[in-house]
file structure_14.txt (compact mmCIF, C-alpha atoms)
# COMPACT_ATOMS: atom_id res chain seq x y z
CA MET A 1 -65.84 62.54 -33.60
CA ILE A 2 -67.51 59.97 -31.34
CA GLY A 3 -65.43 57.22 -32.98
CA ARG A 4 -62.15 59.08 -32.30
CA VAL A 5 -63.09 59.53 -28.60
CA ALA A 6 -64.02 55.87 -28.31
CA GLY A 7 -60.68 54.88 -29.81
CA GLN A 8 -58.83 57.17 -27.41
CA ILE A 9 -60.68 55.61 -24.46
CA ASP A 10 -59.73 52.12 -25.67
CA ARG A 11 -56.04 53.09 -25.84
CA ILE A 12 -56.13 54.59 -22.33
CA ALA A 13 -57.79 51.46 -20.95
CA MET A 14 -55.15 49.27 -22.57
CA ALA A 15 -52.36 51.45 -21.12
CA VAL A 16 -53.83 51.19 -17.63
CA LEU A 17 -54.04 47.40 -17.98
CA VAL A 18 -50.40 47.15 -19.10
CA GLY A 19 -49.30 49.39 -16.25
CA ALA A 20 -51.17 47.26 -13.72
CA LEU A 21 -49.51 44.13 -15.02
CA LEU A 22 -46.08 45.74 -14.85
CA ALA A 23 -46.67 47.02 -11.35
CA GLY A 24 -47.83 43.57 -10.19
CA SER A 25 -44.65 41.94 -11.49
CA ALA A 26 -42.44 44.00 -9.18
CA GLY A 27 -42.91 41.62 -6.24
CA PHE A 28 -39.26 41.63 -5.15
CA THR A 29 -37.32 43.96 -2.90
CA MET A 30 -35.27 46.11 -5.26
CA LEU A 31 -31.96 47.87 -4.93
CA ASN A 32 -31.13 51.39 -6.11
CA GLN A 33 -28.86 51.81 -9.11
CA GLN A 34 -28.74 48.15 -10.25
CA PRO A 35 -28.54 48.07 -14.06
CA VAL A 36 -30.70 45.68 -16.05
CA SER A 37 -31.70 45.34 -19.67
CA ALA A 38 -32.71 48.58 -21.32
CA GLY A 39 -36.37 49.34 -21.22
CA MET A 40 -37.15 46.87 -18.39
CA PRO A 41 -39.56 48.50 -15.89
CA THR A 42 -39.02 48.35 -12.15
CA ARG A 43 -39.96 49.90 -8.85
CA VAL A 44 -37.35 51.40 -6.53
CA VAL A 45 -38.07 51.77 -2.83
CA ILE A 46 -36.17 54.66 -1.23
CA SER A 47 -36.48 55.17 2.51
CA PRO A 48 -36.53 58.72 4.00
CA ASP A 49 -33.02 58.12 5.34
CA GLU A 50 -31.81 57.13 1.92
CA ARG A 51 -33.53 60.19 0.39
CA SER A 52 -31.74 62.57 2.70
CA GLY A 53 -28.37 61.18 1.61
CA LEU A 54 -28.98 61.34 -2.13
CA PRO A 55 -27.62 64.16 -4.26
CA PRO A 56 -30.15 66.52 -5.84
CA SER A 57 -29.63 64.97 -9.25
CA MET A 58 -30.90 61.63 -7.93
CA LEU A 59 -34.12 63.25 -6.71
CA THR A 60 -35.20 64.63 -10.13
CA THR A 61 -38.70 63.40 -10.79
CA THR A 62 -39.36 61.25 -13.79
CA ALA A 63 -42.30 59.29 -15.03
CA SER A 64 -43.18 56.09 -13.20
CA PRO A 65 -43.24 52.86 -15.25
CA THR A 66 -47.03 52.71 -15.19
CA VAL A 67 -47.51 56.30 -16.37
CA ALA A 68 -44.75 55.91 -18.95
CA ALA A 69 -46.39 52.78 -20.29
CA ALA A 70 -49.74 54.53 -20.50
CA ALA A 71 -48.17 57.47 -22.29
CA ALA A 72 -46.48 55.21 -24.78
CA ALA A 73 -49.73 53.39 -25.46
CA THR A 74 -51.67 56.61 -26.07
CA ASN A 75 -48.87 58.58 -27.76
CA MET A 76 -49.31 61.21 -25.07
CA SER A 77 -46.41 63.08 -23.48
CA VAL A 78 -45.93 63.13 -19.69
CA PRO A 79 -44.49 66.32 -18.26
CA ALA A 80 -41.65 66.12 -15.73
CA GLY A 81 -42.67 66.45 -12.10
CA THR A 82 -45.91 64.48 -12.40
CA VAL A 83 -44.66 61.66 -10.11
CA PRO A 84 -42.94 61.69 -6.69
CA ALA A 85 -39.20 61.42 -6.15
CA THR A 86 -39.48 57.66 -5.53
CA ALA A 87 -39.15 57.09 -9.25
CA PRO A 88 -36.44 54.75 -10.59
CA PRO A 89 -33.00 55.84 -11.78
CA GLU A 90 -32.16 55.98 -15.48
CA ARG A 91 -31.23 52.28 -15.60
CA PRO A 92 -33.70 50.57 -13.27
CA SER A 93 -32.95 47.13 -11.71
CA PHE A 94 -34.68 43.92 -10.73
CA ALA A 95 -31.59 42.75 -8.70
CA VAL A 96 -32.63 41.01 -5.47
CA ALA A 97 -31.24 42.53 -2.26
CA ARG A 98 -27.88 40.97 -1.32
CA VAL A 99 -28.50 39.47 2.11
CA ALA A 100 -25.38 38.85 4.21
CA PRO A 101 -24.86 35.13 4.88
CA HIS A 102 -24.32 33.79 8.38
CA LEU A 103 -23.60 30.47 10.06
CA GLU A 104 -26.89 28.78 10.85
CA ALA A 105 -25.39 25.72 12.57
CA VAL A 106 -21.95 24.39 13.54
CA GLU A 107 -20.82 21.08 15.01
CA PRO A 108 -19.15 20.10 17.23
CA LYS A 109 -19.13 22.81 19.88
CA THR A 110 -19.03 20.93 23.18
CA SER A 111 -16.55 18.93 25.25
CA GLY A 112 -16.00 15.17 25.05
CA VAL A 113 -15.88 15.21 21.24
CA GLY A 114 -14.56 12.06 19.56
CA VAL A 115 -11.16 12.28 17.89
CA TYR A 116 -12.66 11.31 14.53
CA ALA A 117 -15.65 13.67 14.66
CA ASP A 118 -16.30 15.75 11.53
CA VAL A 119 -16.50 19.53 11.76
CA VAL A 120 -19.73 20.60 10.02
CA MET A 121 -20.96 24.11 9.28
CA THR A 122 -24.17 25.19 7.55
CA PHE A 123 -24.60 28.65 6.02
CA SER A 124 -27.81 30.61 5.50
CA GLU A 125 -26.96 31.39 1.87
CA PRO A 126 -25.28 29.44 -0.96
CA MET A 127 -21.58 30.10 -0.61
CA ASN A 128 -18.63 30.73 -2.89
CA ARG A 129 -16.73 27.53 -2.06
CA PRO A 130 -13.13 28.68 -2.75
CA SER A 131 -13.62 31.78 -0.59
CA VAL A 132 -14.76 29.64 2.35
CA GLU A 133 -12.07 26.97 1.92
CA SER A 134 -9.28 29.54 1.75
CA THR A 135 -10.38 31.15 5.02
CA PHE A 136 -11.21 27.98 6.98
CA ASP A 137 -8.81 27.66 9.92
CA ILE A 138 -8.54 25.28 12.85
CA GLN A 139 -6.06 25.61 15.69
CA PRO A 140 -4.09 23.62 16.69
CA LYS A 141 -3.48 22.58 13.10
CA VAL A 142 -4.80 19.19 12.10
CA GLU A 143 -4.99 17.39 8.77
CA GLY A 144 -8.25 16.50 7.09
CA ARG A 145 -10.33 16.73 3.95
CA ILE A 146 -12.93 19.39 3.03
CA VAL A 147 -16.16 18.02 1.57
CA TRP A 148 -19.22 20.05 0.45
CA SER A 149 -22.64 18.44 0.77
CA ASP A 150 -24.05 21.35 -1.27
CA ASP A 151 -23.43 25.10 -1.54
CA PHE A 152 -24.75 25.58 2.01
CA THR A 153 -22.97 22.85 4.00
CA LEU A 154 -19.24 22.22 4.42
CA ARG A 155 -17.76 19.23 6.26
CA PHE A 156 -14.15 19.01 7.43
CA ALA A 157 -13.38 15.29 7.66
CA VAL A 158 -10.48 15.23 10.09
CA PHE A 159 -7.96 12.42 9.90
CA LYS A 160 -7.63 12.41 13.68
CA PHE A 161 -7.81 14.98 16.46
CA ALA A 162 -5.52 14.81 19.47
CA TYR A 163 -6.99 13.61 22.72
CA ALA A 164 -8.01 16.07 25.45
CA THR A 165 -7.35 19.11 23.26
CA THR A 166 -9.35 22.29 22.74
CA TYR A 167 -9.67 23.35 19.11
CA GLN A 168 -10.63 26.79 17.83
CA VAL A 169 -12.39 26.95 14.45
CA GLU A 170 -12.87 30.06 12.33
CA VAL A 171 -14.36 30.51 8.88
CA ARG A 172 -15.11 33.50 6.67
CA GLY A 173 -15.76 33.71 2.93
CA ARG A 174 -18.61 35.18 0.91
CA SER A 175 -21.85 34.08 -0.66
CA LEU A 176 -22.36 33.36 -4.34
CA ARG A 177 -23.70 36.95 -4.57
CA GLY A 178 -20.37 38.21 -3.20
CA VAL A 179 -21.57 39.26 0.26
CA PRO A 180 -19.16 38.51 3.16
CA VAL A 181 -20.20 36.29 6.05
CA SER A 182 -21.64 38.29 8.96
CA GLY A 183 -22.12 37.55 12.64
CA SER A 184 -20.21 35.00 14.71
CA ARG A 185 -17.62 33.16 12.64
CA SER A 186 -15.68 31.18 15.24
CA TRP A 187 -16.33 28.54 17.89
CA SER A 188 -14.43 25.93 19.91
CA PHE A 189 -14.73 22.36 21.16
CA THR A 190 -12.69 19.94 23.27
CA THR A 191 -11.93 16.32 22.44
CA VAL A 192 -12.38 13.32 24.70
CA SER A 193 -9.53 12.07 26.88
CA ALA A 194 -7.60 8.97 25.86
CA PRO A 195 -8.27 5.72 27.70
CA PRO A 196 -6.19 5.80 30.87
CA ASP A 197 -3.11 3.61 31.17
CA VAL A 198 -3.70 1.07 33.91
CA LEU A 199 -1.08 -1.56 33.02
CA LEU A 200 2.34 -0.61 34.31
CA PRO A 201 5.28 -0.21 31.93
CA GLY A 202 8.15 -2.69 31.78
CA PRO A 203 6.50 -6.04 32.52
CA PRO A 204 8.63 -9.13 31.84
CA THR A 205 5.75 -10.59 29.83
CA THR A 206 2.27 -9.46 28.83
CA ASN A 207 -0.78 -11.04 27.25
CA VAL A 208 -2.06 -9.08 24.28
CA PRO A 209 -3.98 -10.81 21.48
CA ILE A 210 -2.65 -9.67 18.10
CA LEU A 211 -5.42 -10.39 15.60
CA THR A 212 -4.64 -11.10 11.95
CA TYR A 213 -6.90 -9.87 9.14
CA HIS A 214 -6.41 -9.81 5.37
CA TYR A 215 -9.45 -8.83 3.28
CA ILE A 216 -12.49 -7.05 4.69
CA ARG A 217 -14.89 -7.93 1.90
CA VAL A 218 -17.44 -10.39 0.63
CA ASN A 219 -15.40 -13.03 -1.18
CA PRO A 220 -16.13 -12.46 -4.90
CA ASN A 221 -15.44 -16.06 -5.92
CA SER A 222 -17.35 -18.71 -4.00
CA ARG A 223 -15.04 -21.44 -5.35
CA ASP A 224 -11.93 -19.69 -4.00
CA ARG A 225 -11.60 -21.43 -0.63
CA MET A 226 -8.36 -19.63 0.28
CA GLY A 227 -9.95 -16.31 -0.63
CA PHE A 228 -12.94 -17.16 1.56
CA ALA A 229 -10.71 -18.04 4.52
CA LEU A 230 -8.87 -14.72 4.19
CA SER A 231 -12.04 -12.62 3.75
CA VAL A 232 -13.98 -11.30 6.73
CA THR A 233 -17.20 -9.68 5.55
CA PRO A 234 -17.81 -6.02 6.42
CA ALA A 235 -20.84 -7.04 8.50
CA ASP A 236 -18.83 -9.59 10.49
CA PHE A 237 -15.97 -7.16 10.97
CA ALA A 238 -18.30 -4.42 12.21
CA ALA A 239 -19.89 -6.91 14.64
CA GLN A 240 -16.46 -7.89 15.95
CA MET A 241 -15.50 -4.25 16.50
CA ASP A 242 -18.84 -3.63 18.20
CA TRP A 243 -18.12 -6.56 20.53
CA LEU A 244 -14.65 -5.24 21.39
CA ALA A 245 -16.09 -1.82 22.18
CA ARG A 246 -19.00 -3.21 24.20
CA TYR A 247 -16.66 -5.23 26.44
CA ALA A 248 -14.17 -2.37 26.89
CA PHE A 249 -11.22 -3.69 24.91
CA HIS A 250 -8.70 -1.06 23.85
CA PRO A 251 -6.88 -1.49 20.51
CA ILE A 252 -3.23 -0.45 20.58
CA THR A 253 -0.37 -0.74 18.05
CA THR A 254 2.71 -2.96 18.00
CA GLU A 255 4.77 0.15 18.74
CA ASP A 256 2.68 0.69 21.87
CA LEU A 257 3.41 -2.91 22.92
CA TYR A 258 7.12 -2.45 22.19
CA ASN A 259 7.23 0.70 24.32
CA ASN A 260 5.34 -0.99 27.15
CA LEU A 261 7.66 -3.99 27.29
CA GLY A 262 10.62 -1.62 27.06
CA GLY A 263 9.38 0.36 30.06
CA ALA A 264 8.55 3.57 28.16
CA ARG A 265 4.77 3.63 28.71
CA GLY A 266 1.81 1.90 30.30
CA LEU A 267 -1.15 0.37 28.49
CA PRO A 268 -4.92 0.71 28.83
CA SER A 269 -6.96 -2.15 30.21
CA LYS A 270 -7.67 -5.16 28.02
CA PRO A 271 -5.33 -4.18 25.16
CA VAL A 272 -5.69 -5.83 21.76
CA ILE A 273 -3.84 -5.28 18.47
CA LEU A 274 -5.65 -5.38 15.11
CA THR A 275 -3.30 -6.14 12.18
CA PHE A 276 -4.10 -6.15 8.46
CA ASP A 277 -1.72 -7.86 6.05
CA ASP A 278 -0.83 -6.93 2.45
CA GLY A 279 -2.23 -3.39 2.14
CA TYR A 280 -5.44 -4.21 0.28
CA ALA A 281 -7.66 -1.34 -0.87
CA ASP A 282 -10.57 -2.58 1.21
CA PHE A 283 -8.63 -1.72 4.35
CA TYR A 284 -8.99 1.95 3.39
CA THR A 285 -12.48 1.79 1.90
CA THR A 286 -14.13 -0.59 4.37
CA ALA A 287 -12.08 -1.36 7.48
CA LEU A 288 -10.82 2.15 8.20
CA PRO A 289 -14.27 3.82 8.41
CA ILE A 290 -15.42 1.11 10.84
CA LEU A 291 -12.27 1.52 12.93
CA ARG A 292 -12.71 5.29 12.99
CA SER A 293 -16.32 4.98 14.11
CA HIS A 294 -15.10 3.05 17.17
CA ASP A 295 -12.04 5.25 17.82
CA PHE A 296 -9.80 2.20 17.26
CA LYS A 297 -6.14 2.01 16.33
CA ALA A 298 -4.70 -0.71 14.09
CA VAL A 299 -1.59 -1.80 12.19
CA ALA A 300 -1.54 -2.11 8.38
CA TYR A 301 1.35 -4.07 6.86
CA VAL A 302 2.01 -2.78 3.34
CA VAL A 303 3.81 -4.51 0.48
CA SER A 304 5.69 -1.50 -0.90
CA GLY A 305 5.96 -2.83 -4.45
CA PHE A 306 2.17 -3.24 -4.65
CA ILE A 307 1.27 0.33 -3.68
CA GLY A 308 -1.15 1.73 -6.25
CA TRP A 309 -1.79 -1.62 -7.95
CA PRO A 310 -5.42 -2.55 -8.65
CA GLY A 311 -6.90 -3.87 -5.42
CA TYR A 312 -4.24 -2.27 -3.21
CA MET A 313 -4.06 1.04 -1.39
CA THR A 314 -2.62 4.07 -3.12
CA ALA A 315 0.09 6.20 -1.59
CA ALA A 316 -2.48 8.88 -0.70
CA GLN A 317 -4.70 6.32 1.03
CA ILE A 318 -1.76 4.95 3.01
CA ARG A 319 -0.78 8.45 4.04
CA GLU A 320 -4.31 9.23 5.20
CA ALA A 321 -4.49 5.97 7.15
CA ASP A 322 -1.23 6.90 8.85
CA ARG A 323 -2.60 10.34 9.78
CA SER A 324 -5.71 8.60 11.12
CA GLY A 325 -3.71 6.82 13.81
CA ILE A 326 -2.99 3.60 11.91
CA GLU A 327 0.54 2.30 12.29
CA ILE A 328 1.95 1.49 8.86
CA GLY A 329 4.38 -1.42 8.84
CA SER A 330 6.40 -3.17 6.14
CA HIS A 331 5.49 -6.48 4.51
CA THR A 332 8.54 -6.55 2.15
CA VAL A 333 8.80 -5.20 -1.39
CA SER A 334 7.15 -8.09 -3.22
CA HIS A 335 5.74 -10.53 -0.64
CA VAL A 336 8.52 -13.08 -1.09
CA ASN A 337 9.32 -16.12 1.06
CA LEU A 338 12.17 -14.70 3.12
CA ALA A 339 13.03 -18.12 4.54
CA GLN A 340 14.05 -19.24 1.04
CA SER A 341 15.82 -16.02 -0.03
CA SER A 342 19.52 -15.22 0.04
CA ALA A 343 20.87 -12.94 2.74
CA ALA A 344 21.36 -10.15 0.18
CA ALA A 345 17.82 -10.55 -1.14
CA VAL A 346 16.41 -10.53 2.40
CA ARG A 347 18.28 -7.34 3.21
CA ALA A 348 17.03 -5.67 0.01
CA GLN A 349 13.41 -6.63 0.79
CA LEU A 350 13.69 -5.29 4.32
CA VAL A 351 15.57 -2.06 3.63
CA GLU A 352 13.98 -1.04 0.34
CA SER A 353 10.42 -1.57 1.55
CA LYS A 354 11.14 0.37 4.72
CA GLN A 355 12.56 3.30 2.79
CA ALA A 356 9.76 3.30 0.22
CA ILE A 357 7.02 3.41 2.84
CA GLU A 358 8.86 6.10 4.81
CA ARG A 359 8.85 8.26 1.70
CA VAL A 360 5.08 7.84 1.53
CA ILE A 361 4.20 8.60 5.17
CA GLY A 362 7.07 10.98 5.95
CA HIS A 363 8.40 9.32 9.09
CA GLU A 364 10.14 6.17 10.29
CA VAL A 365 8.66 2.70 9.78
CA VAL A 366 9.42 0.45 12.76
CA SER A 367 7.05 -2.52 12.45
CA PHE A 368 7.46 -5.56 10.17
CA CYS A 369 5.47 -8.67 9.27
CA TYR A 370 6.86 -11.83 7.61
CA PRO A 371 4.98 -12.67 4.39
CA SER A 372 3.04 -15.90 4.96
CA GLY A 373 4.81 -16.09 8.32
CA LYS A 374 7.96 -17.52 6.73
CA TYR A 375 11.24 -16.71 8.47
CA THR A 376 14.41 -18.14 9.99
CA SER A 377 16.49 -16.98 12.94
CA ALA A 378 18.90 -15.40 10.44
CA VAL A 379 16.02 -13.51 8.81
CA ALA A 380 14.83 -12.30 12.23
CA SER A 381 18.34 -11.02 12.94
CA GLN A 382 18.28 -9.08 9.68
CA VAL A 383 14.94 -7.53 10.60
CA LYS A 384 16.56 -6.18 13.76
CA ALA A 385 19.64 -4.99 11.83
CA ALA A 386 17.42 -3.14 9.33
CA GLY A 387 16.10 -0.92 12.13
CA TYR A 388 12.70 -2.41 12.88
CA HIS A 389 11.49 -2.53 16.49
CA ASP A 390 9.42 -5.71 16.12
CA SER A 391 7.94 -8.21 13.68
CA THR A 392 4.97 -10.56 13.68
CA THR A 393 4.49 -14.12 12.49
CA THR A 394 1.60 -16.51 11.84
CA ILE A 395 2.44 -18.58 14.91
CA GLY A 396 -0.58 -18.81 17.20
CA GLY A 397 -0.41 -17.23 20.63
CA TYR A 398 -0.88 -14.06 22.65
CA SER A 399 1.92 -13.90 25.25
CA HIS A 400 4.80 -11.54 24.40
CA THR A 401 8.14 -10.46 25.79
CA MET A 402 10.76 -7.93 24.77
CA SER A 403 13.22 -10.68 23.90
CA ASP A 404 10.85 -12.37 21.43
CA ARG A 405 9.73 -9.14 19.77
CA TYR A 406 10.95 -10.26 16.32
CA VAL A 407 8.76 -13.36 16.40
CA TRP A 408 5.55 -12.13 18.06
CA ALA A 409 2.66 -14.58 17.77
CA ARG A 410 -0.78 -13.69 16.41
CA LEU A 411 -4.35 -15.04 16.25
CA ARG A 412 -5.92 -15.36 12.80
CA VAL A 413 -9.48 -14.19 12.25
CA SER A 414 -10.94 -16.37 9.49
CA GLY A 415 -13.75 -15.72 7.06
CA GLY A 416 -17.10 -17.00 8.30
CA GLU A 417 -15.87 -17.21 11.90
CA PRO A 418 -18.86 -16.94 14.28
CA LEU A 419 -18.84 -14.07 16.73
CA ASP A 420 -18.85 -16.36 19.76
CA GLN A 421 -15.73 -18.13 18.43
CA PHE A 422 -14.08 -14.73 17.94
CA ALA A 423 -14.99 -13.76 21.51
CA VAL A 424 -13.52 -16.96 22.96
CA ALA A 425 -10.22 -16.46 21.09
CA VAL A 426 -9.87 -12.89 22.35
CA ASN A 427 -10.96 -13.62 25.92
CA THR A 428 -8.52 -16.49 26.25
CA ALA A 429 -5.68 -13.98 26.56
CA PHE A 430 -7.26 -12.52 29.70

call {"tool": "encode", "arguments": {"input": "structure_14.txt", "output": "structure tokens"}}
result
Amino acid sequence: MIGRVAGQIDRIAMAVLVGALLAGSAGFTMLNQQPVSAGMPTRVVISPDERSGLPPSMLTTTASPTVAAAAAATNMSVPAGTVPATAPPERPSFAVARVAPHLEAVEPKTSGVGVYADVVMTFSEPMNRPSVESTFDIQPKVEGRIVWSDDFTLRFAVFKFAYATTYQVEVRGRSLRGVPVSGSRSWSFTTVSAPPDVLLPGPPTTNVPILTYHYIRVNPNSRDRMGFALSVTPADFAAQMDWLARYAFHPITTEDLYNNLGGARGLPSKPVILTFDDGYADFYTTALPILRSHDFKAVAYVVSGFIGWPGYMTAAQIREADRSGIEIGSHTVSHVNLAQSSAAAVRAQLVESKQAIERVIGHEVVSFCYPSGKYTSAVASQVKAAGYHDSTTTIGGYSHTMSDRYVWARLRVSGGEPLDQFAVAVNTAF
């Protein structure tokens, strides 16, 4: 008899221990009526307000997990009504409460925002990316690229905002748990004004240094002297752009210069034109980010037949550069010596390259550059006949007129050129 009682006491003690362990594991906030695996214990918290709204069937008392576990361990039955109405439903749940996500931080949200500033938003919960992307809206419309740093942070990398414009941003979506974004979901910001035009339109002549670049890279072959001369390192290029910004130079495009000489517009103070020949891939990967960080324009002359070749920009990259404020010009179809080509061949190089690039960027191409600077007066006349507004050479100089717009001079920036030499060349025009 004593042995049976002792055994019964052991079983009850074991049941109490199991129940305590189960109760201690319920350290989360639980939701009512969330199904989980059969037999998994849980604790459901029901507030008085929730109780008042539940149907009578939901308030039927059942055994708590701890009591049920003890009963199972001792083979004892537990009569209904021995626990309060805070007992779990038939299929208890460990599901964590679905907290509504909100925007924790957004940028920018002030005035004077740069035209290349990214729009960044950080959510309080991991988000369902497609639901956010499909609801993201910015007005006025502007092109850009959506990039996620992680499930919390989205960045809209704009190609270029308009100057002095107020933008309204709105975003919705839902979290990975399916809960919609709550709270404020929209904000606005205003971009910086463009540099003011201080040079009057329609001058008979104007001094504007047009700088010539090719590669922005570290020359991969130290024995390639031509490659070295054509390669400005990223560090040197960044230093040159820093210098231009520090001394208040304002990059413009050849179309801006054409319109100024033609009387259509003024120009900002200390204008300079940055040109990049051949359409190399490093213009997009290296030069363009540096230009964007300084809010600088430029002109990229593309060889249409080389688009997408290894080492050259793709059509998508050219299109993005165009949308980023870079003027895309033609550099022929195959970089031929136009001075030694027949009239028919010259026309084909001029017209076909123009049309091919226009199909890529979706609008007219009006700027041209002679490959290796080779041209004749007859070639220059064909450039005009093909519909270009201007063309550039490799002749040194910085003074330009409307009448010489098909043979505009440029200043070459060479690889290894010291910054003080660069500064002297640019300052000479002023």

call {"tool": "residues_around", "arguments": {"input": "structure_14.txt", "residues": "range 386-393 of chain A", "least_positions_apart": "2", "cutoff": "9 Å", "atoms": "all atoms listed in the file", "output": "count of residues only"}}
result
33

call {"tool": "residues_around", "arguments": {"input": "structure_14.txt", "residues": "range 177-180 of chain A", "least_positions_apart": "3", "cutoff": "12 Å", "atoms": "all atoms listed in the file", "output": "PyMOL selection string"}}
result
chain A and resi 95-103+123-132+135+171-174+183+185

call {"tool": "closest_residue", "arguments": {"input": "structure_14.txt", "among": "A:Thr275, A:Thr191, A:Ser111, A:Thr376", "to": "Ala300 in chain A", "atoms": "all atoms listed in the file"}}
result
A:Thr275

call {"tool": "closest_atom_pairs", "arguments": {"input": "structure_14.txt", "of": "range 150-200 of chain A", "to": "range 317-337 of chain A", "cutoff": "12 Å", "atoms": "all atoms listed in the file", "output": "JSON lines"}}
result
{"residue": "A:Ala157", "atom": "CA", "partner": "A:Ser324", "partner_atom": "CA", "distance": 10.7}
{"residue": "A:Val158", "atom": "CA", "partner": "A:Ser324", "partner_atom": "CA", "distance": 8.2}
{"residue": "A:Phe159", "atom": "CA", "partner": "A:Ser324", "partner_atom": "CA", "distance": 4.6}
{"residue": "A:Lys160", "atom": "CA", "partner": "A:Ser324", "partner_atom": "CA", "distance": 5.0}
{"residue": "A:Phe161", "atom": "CA", "partner": "A:Ser324", "partner_atom": "CA", "distance": 8.6}
{"residue": "A:Ala162", "atom": "CA", "partner": "A:Gly325", "partner_atom": "CA", "distance": 10.0}
{"residue": "A:Tyr163", "atom": "CA", "partner": "A:Gly325", "partner_atom": "CA", "distance": 11.7}

call {"tool": "residues_around", "arguments": {"input": "structure_14.txt", "residues": "Phe237 in chain A", "least_positions_apart": "3", "cutoff": "10 Å", "atoms": "all atoms listed in the file", "output": "ChimeraX atom specification"}}
result
/A:213,216-217,231-234,240-243,286-287,290-291,413,415,419

call {"tool": "atom_distance", "arguments": {"input": "structure_14.txt", "atom1": "CA of Ala315 in chain A", "atom2": "CA of Ala385 in chain A"}}
result
26.2 Å

call {"tool": "closest_residue", "arguments": {"input": "structure_14.txt", "among": "A:Ala248, A:Ile146, A:Val113, A:Leu338", "to": "Lys270 in chain A", "atoms": "all atoms listed in the file"}}
result
A:Ala248

call {"tool": "closest_residue", "arguments": {"input": "structure_14.txt", "among": "A:Pro289, A:Asp150, A:Ser414, A:Glu358", "to": "Phe228 in chain A", "atoms": "only C-alpha atoms"}}
result
A:Ser414

call {"tool": "atom_distance", "arguments": {"input": "structure_14.txt", "atom1": "CA of Ser403 in chain A", "atom2": "CA of Val208 in chain A"}}
result
15.4 Å

call {"tool": "residues_near_point", "arguments": {"input": "structure_14.txt", "point": "(-17.0, 19.1, 9.9)", "cutoff": "9 Å", "atoms": "all atoms listed in the file", "output": "ChimeraX atom specification"}}
result
/A:106-108,117-121,146-147,154-158

call {"tool": "closest_residue", "arguments": {"input": "structure_14.txt", "among": "A:Leu244, A:Leu257, A:Ala238, A:Leu267", "to": "Val198 in chain A", "atoms": "all atoms listed in the file"}}
result
A:Leu267

call {"tool": "closest_residue", "arguments": {"input": "structure_14.txt", "among": "A:Val346, A:Met402, A:Ala429, A:Ala339", "to": "Gly263 in chain A", "atoms": "only C-alpha atoms"}}
result
A:Met402

call {"tool": "atom_distance", "arguments": {"input": "structure_14.txt", "atom1": "CA of Ser188 in chain A", "atom2": "CA of Val115 in chain A"}}
result
14.2 Å

call {"tool": "closest_residue", "arguments": {"input": "structure_14.txt", "among": "A:Arg292, A:Lys141, A:His214, A:Arg225", "to": "Gly114 in chain A", "atoms": "only C-alpha atoms"}}
result
A:Arg292
